[in-house]
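Asker: Structure below; questions to follow.
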Amino acid sequence: MRFINIKILFLFFIVCFSSDLQSQPGTYYNTVLTSSASFISDLQSRIRSPYNRVSYDSYISTNINNFASIDNGNGTKSVFCIYSGYEYIYSGSFSFGTMSREHVFAFSWMPSNPSTSNDQYSDQHHLFPSHQNNANARRSNHPLGVVVNVTYQFLEGKVGTNSLGQIVYEPMDSRKGDAARAMLYMSIRYDGLSGLDWDFNWLNGTRLPSLSEAPQNLTVLLDWNRQDPPDKWEVDRNNYIQSIQQNRNPFSDHPEYPAFINFNDYTKLNPVYAAEPSNYPSSFSSAPAGNAITLNWNDAAGGQLPSGYLIIAYDDNK
């Protein structure tokens with residue numbers, strides 16, 4: 001995703017984000033309340049039905065053709081690797097080869113493995129285009145994490161060891177939140193179905209040791225969810241997948257939801273937050289001039305003020 005250069009007449013610190021700035025999923029979550037003791041089960045019920053399985057083999061005819069590919073306006077299209085940012089340019093029909101379909105929640109991690117005839121294998125909320133040899137294959141079965149010592153790097157994706165000496169894969173910064181929310185979605189979406197555990201206690205205590213892999217650090221995923229909140233591309237992707245699969249990734253709509261969930265065992269958490277601001281900024285306006293855009297607004301007033309403003313700008317509507 002490309003960003004425009006912006007000259008802003010205000011100095012501010014980005015210290016928070018609000019899901020209200022992201023997607024507007026209508027009434028989709030009307031029955032889901034974080035204050036309810038049944039929040040987790042209500043959320044699971046919401047994202048499990050309705051659900052339409054889209055064939056794994058239909059990924060090109062659906063996601064690639066209708067969302068992931070960007071028309072360059074010159075007879076070519078571009079598809080980008082989720083991990084490295086690699087831009088694959090093609091003309092005519094897209095076919096896998098250089099690029100592949102990556103299960104961000106690795107197929108080898110799934111308690112239903114080796115079966116491929118199920119919802120989880122083809123669930124598009126965790127399927128992303130990736131460079132096959134230099135990203136997908138390099139990630140392999142490794143958990144996602146923060147690389148301290150790099151052993152291999154391809155563009156913005158790298159594999160190496162973390163601060164504990166464990167082998168991990170680190171995707172590009174601008175897609176870390178996307179990857180984290182996809183993994184958290186898969187865990188909650190399928191936990192308990194067919195008697196199978198998808199919680200992180202099972203993943204880290206049973207599955208990953210059997211693959212001789214380090215644990216998937218849950219704190220890292222939760223940190224990435226906060227540090228890289230949903231952007232327009234992720235929101236649009238969520239909207240598109242709902243149009244064919246009928247369900248949404250709730251963490252792309254509500255990145256605050258993970259704070260209420262213990263993903264290790266699916267017990268409910270009850271975090272305490274600062275008071276909601278009593279008022280919000282108003283009279284927002286913008287005035288483009290050359291390569292600069294001047295933004296103006298009236299600051300919020302009242303007893304409880306926002307702690308900061310988050311502004312995201314794009315140079316097109318893709």
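Identifiers in this document derive from the order of the structure tokens: chains are assigned A, B, ..., residues are numbered from 1 separately in each chain, and ligands are numbered from 1 in order of occurrence.
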Just the residues within 12 Å of Ala300 in chain A, please, counting only C-alpha atoms, with nothing from its chain fewer than 2 positions along; format it as a list of chain:residue names.

Answerer: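 Selected residues are A:Pro277, A:Ser278, A:Asn279, A:Tyr280, A:Pro281, A:Ser282, A:Ser283, A:Phe284, A:Trp297, A:Asn298, A:Gly302, A:Gly303, A:Gln304, A:Leu305, A:Pro306, A:Ser307, A:Gly308, A:Tyr309.
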
Asker: Counting only C-alpha atoms, which residues of range 217-290 of chain A sit at most 7 Å from some atom of range 36-51 of chain A, and what is each one's closest atom pair with its distance in Å to one decimal, listed by chain and rising residue number, as JSON lines?

Answerer:
```
{"residue": "A:Gln245", "atom": "CA", "partner": "A:Tyr51", "partner_atom": "CA", "distance": 5.8}
{"residue": "A:Gln246", "atom": "CA", "partner": "A:Tyr51", "partner_atom": "CA", "distance": 5.1}
{"residue": "A:Asn247", "atom": "CA", "partner": "A:Ile47", "partner_atom": "CA", "distance": 5.4}
{"residue": "A:Arg248", "atom": "CA", "partner": "A:Ile47", "partner_atom": "CA", "distance": 6.3}
{"residue": "A:Lys268", "atom": "CA", "partner": "A:Ile40", "partner_atom": "CA", "distance": 6.9}
```

Asker: Fewer than 6 positions away in the same chain doesn't count, so skip those; otherwise give me all residues within 12 Å of Gln216 in chain A, counting only C-alpha atoms, as a PyMOL selection string.

Answerer: chain A and resi 105-106+109+141-146+162+166-170+180+183-184+199-209+222+263-264

Asker: Would you mind listing what lies within 10 Å of Ile261 in chain A as number ranges by chain, with only C-alpha atoms counted and same-chain residues fewer than 2 positions away left out?

Answerer: A: 34, 39-40, 188, 256-259, 263-271

Asker: What does the structure give for the distance between CA of Pro171 in chain A and CA of Leu155 in chain A, in Å to one decimal?

Answerer: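 If I compute the distance from CA of Pro171 in chain A to CA of Leu155 in chain A, I get 9.8 Å.
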
Asker: Got a sec: who's within 12 Å of range 88-96 of chain A, counting only C-alpha atoms, leaving out chain neighbours fewer than 6 positions off, as a PyMOL selection string?

Answerer: chain A and resi 57-66+68-82+102+129-133

Asker: Rounded to one decimal, what separation in Å do you get between CA of Tyr121 in chain A and CA of Asn225 in chain A?

Answerer: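 For CA of Tyr121 in chain A relative to CA of Asn225 in chain A, the distance reads 23.1 Å.
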
Asker: Using DSSP on the backbone coordinates, identify the residues of range 61-237 of chain A assigned to strand (DSSP E); present them as a PyMOL selection string.

Answerer: chain A and resi 70-71+77-80+87-90+99-103+127-131+149-154+157-161+167-170

Asker: Just write the chosen residues, C-alpha atoms, as a PDB file, in the first residue's frame.

Answerer:
```pdb
ATOM      1  CA  ILE A  70      -4.102  -4.324  -8.484  1.00  0.00           C
ATOM      2  CA  ASP A  71      -4.673  -3.037 -12.014  1.00  0.00           C
ATOM      3  CA  LYS A  77      -1.579  -6.276 -12.673  1.00  0.00           C
ATOM      4  CA  SER A  78       0.333  -6.570  -9.395  1.00  0.00           C
ATOM      5  CA  VAL A  79      -0.030  -8.979  -6.496  1.00  0.00           C
ATOM      6  CA  PHE A  80       1.956  -8.397  -3.300  1.00  0.00           C
ATOM      7  CA  GLU A  87       5.491  -7.175  -6.078  1.00  0.00           C
ATOM      8  CA  TYR A  88       4.620  -9.801  -8.665  1.00  0.00           C
ATOM      9  CA  ILE A  89       3.678  -8.179 -11.966  1.00  0.00           C
ATOM     10  CA  TYR A  90       1.807 -10.157 -14.586  1.00  0.00           C
ATOM     11  CA  MET A  99       3.637 -16.796  -5.915  1.00  0.00           C
ATOM     12  CA  SER A 100       1.679 -19.192  -3.719  1.00  0.00           C
ATOM     13  CA  ARG A 101      -1.181 -19.261  -1.212  1.00  0.00           C
ATOM     14  CA  GLU A 102       0.147 -18.947   2.316  1.00  0.00           C
ATOM     15  CA  HIS A 103      -1.715 -20.335   5.325  1.00  0.00           C
ATOM     16  CA  LEU A 127      -4.932 -17.218   3.086  1.00  0.00           C
ATOM     17  CA  PHE A 128      -2.640 -14.598   1.548  1.00  0.00           C
ATOM     18  CA  PRO A 129      -0.499 -14.364  -1.598  1.00  0.00           C
ATOM     19  CA  SER A 130       3.189 -14.897  -0.842  1.00  0.00           C
ATOM     20  CA  HIS A 131       6.435 -15.431  -2.688  1.00  0.00           C
ATOM     21  CA  ASN A 149      19.827 -12.493  14.550  1.00  0.00           C
ATOM     22  CA  VAL A 150      18.994 -12.708  10.835  1.00  0.00           C
ATOM     23  CA  THR A 151      19.919 -15.883   8.971  1.00  0.00           C
ATOM     24  CA  TYR A 152      17.978 -15.131   5.785  1.00  0.00           C
ATOM     25  CA  GLN A 153      16.234 -12.020   4.486  1.00  0.00           C
ATOM     26  CA  PHE A 154      14.145 -11.388   1.393  1.00  0.00           C
ATOM     27  CA  GLY A 157      10.623 -10.543   5.480  1.00  0.00           C
ATOM     28  CA  LYS A 158      13.284 -12.370   7.463  1.00  0.00           C
ATOM     29  CA  VAL A 159      13.986 -15.578   9.313  1.00  0.00           C
ATOM     30  CA  GLY A 160      16.400 -15.999  12.187  1.00  0.00           C
ATOM     31  CA  THR A 161      16.480 -16.325  15.943  1.00  0.00           C
ATOM     32  CA  ILE A 167      13.912 -19.827  15.163  1.00  0.00           C
ATOM     33  CA  VAL A 168      11.126 -17.450  14.130  1.00  0.00           C
ATOM     34  CA  TYR A 169       9.902 -15.676  11.000  1.00  0.00           C
ATOM     35  CA  GLU A 170       9.273 -11.925  11.000  1.00  0.00           C
TER      36      GLU A 170
END
```

Asker: Quick one: distance from CA of Ile311 in chain A to CA of Asp178 in chain A in Å, one decimal?

Answerer: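 Going from CA of Ile311 in chain A over to CA of Asp178 in chain A, I get 18.5 Å.
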
Asker: With DSSP run on the backbone, what are the alpha helix (DSSP H) residues within range 71-271 of chain A? I'd like them as a PyMOL selection string.

Answerer: chain A and resi 119-122+137-139+176-190+200-202+208-210+218-227+232-245+250-253

Asker: Smallest atom-to-atom distance to Thr98 in chain A: which of A:Ser115, A:Ser84, A:Asn134, A:Ala275, using only C-alpha atoms?

Answerer: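 Smallest distance to Thr98 in chain A is found for A:Asn134.
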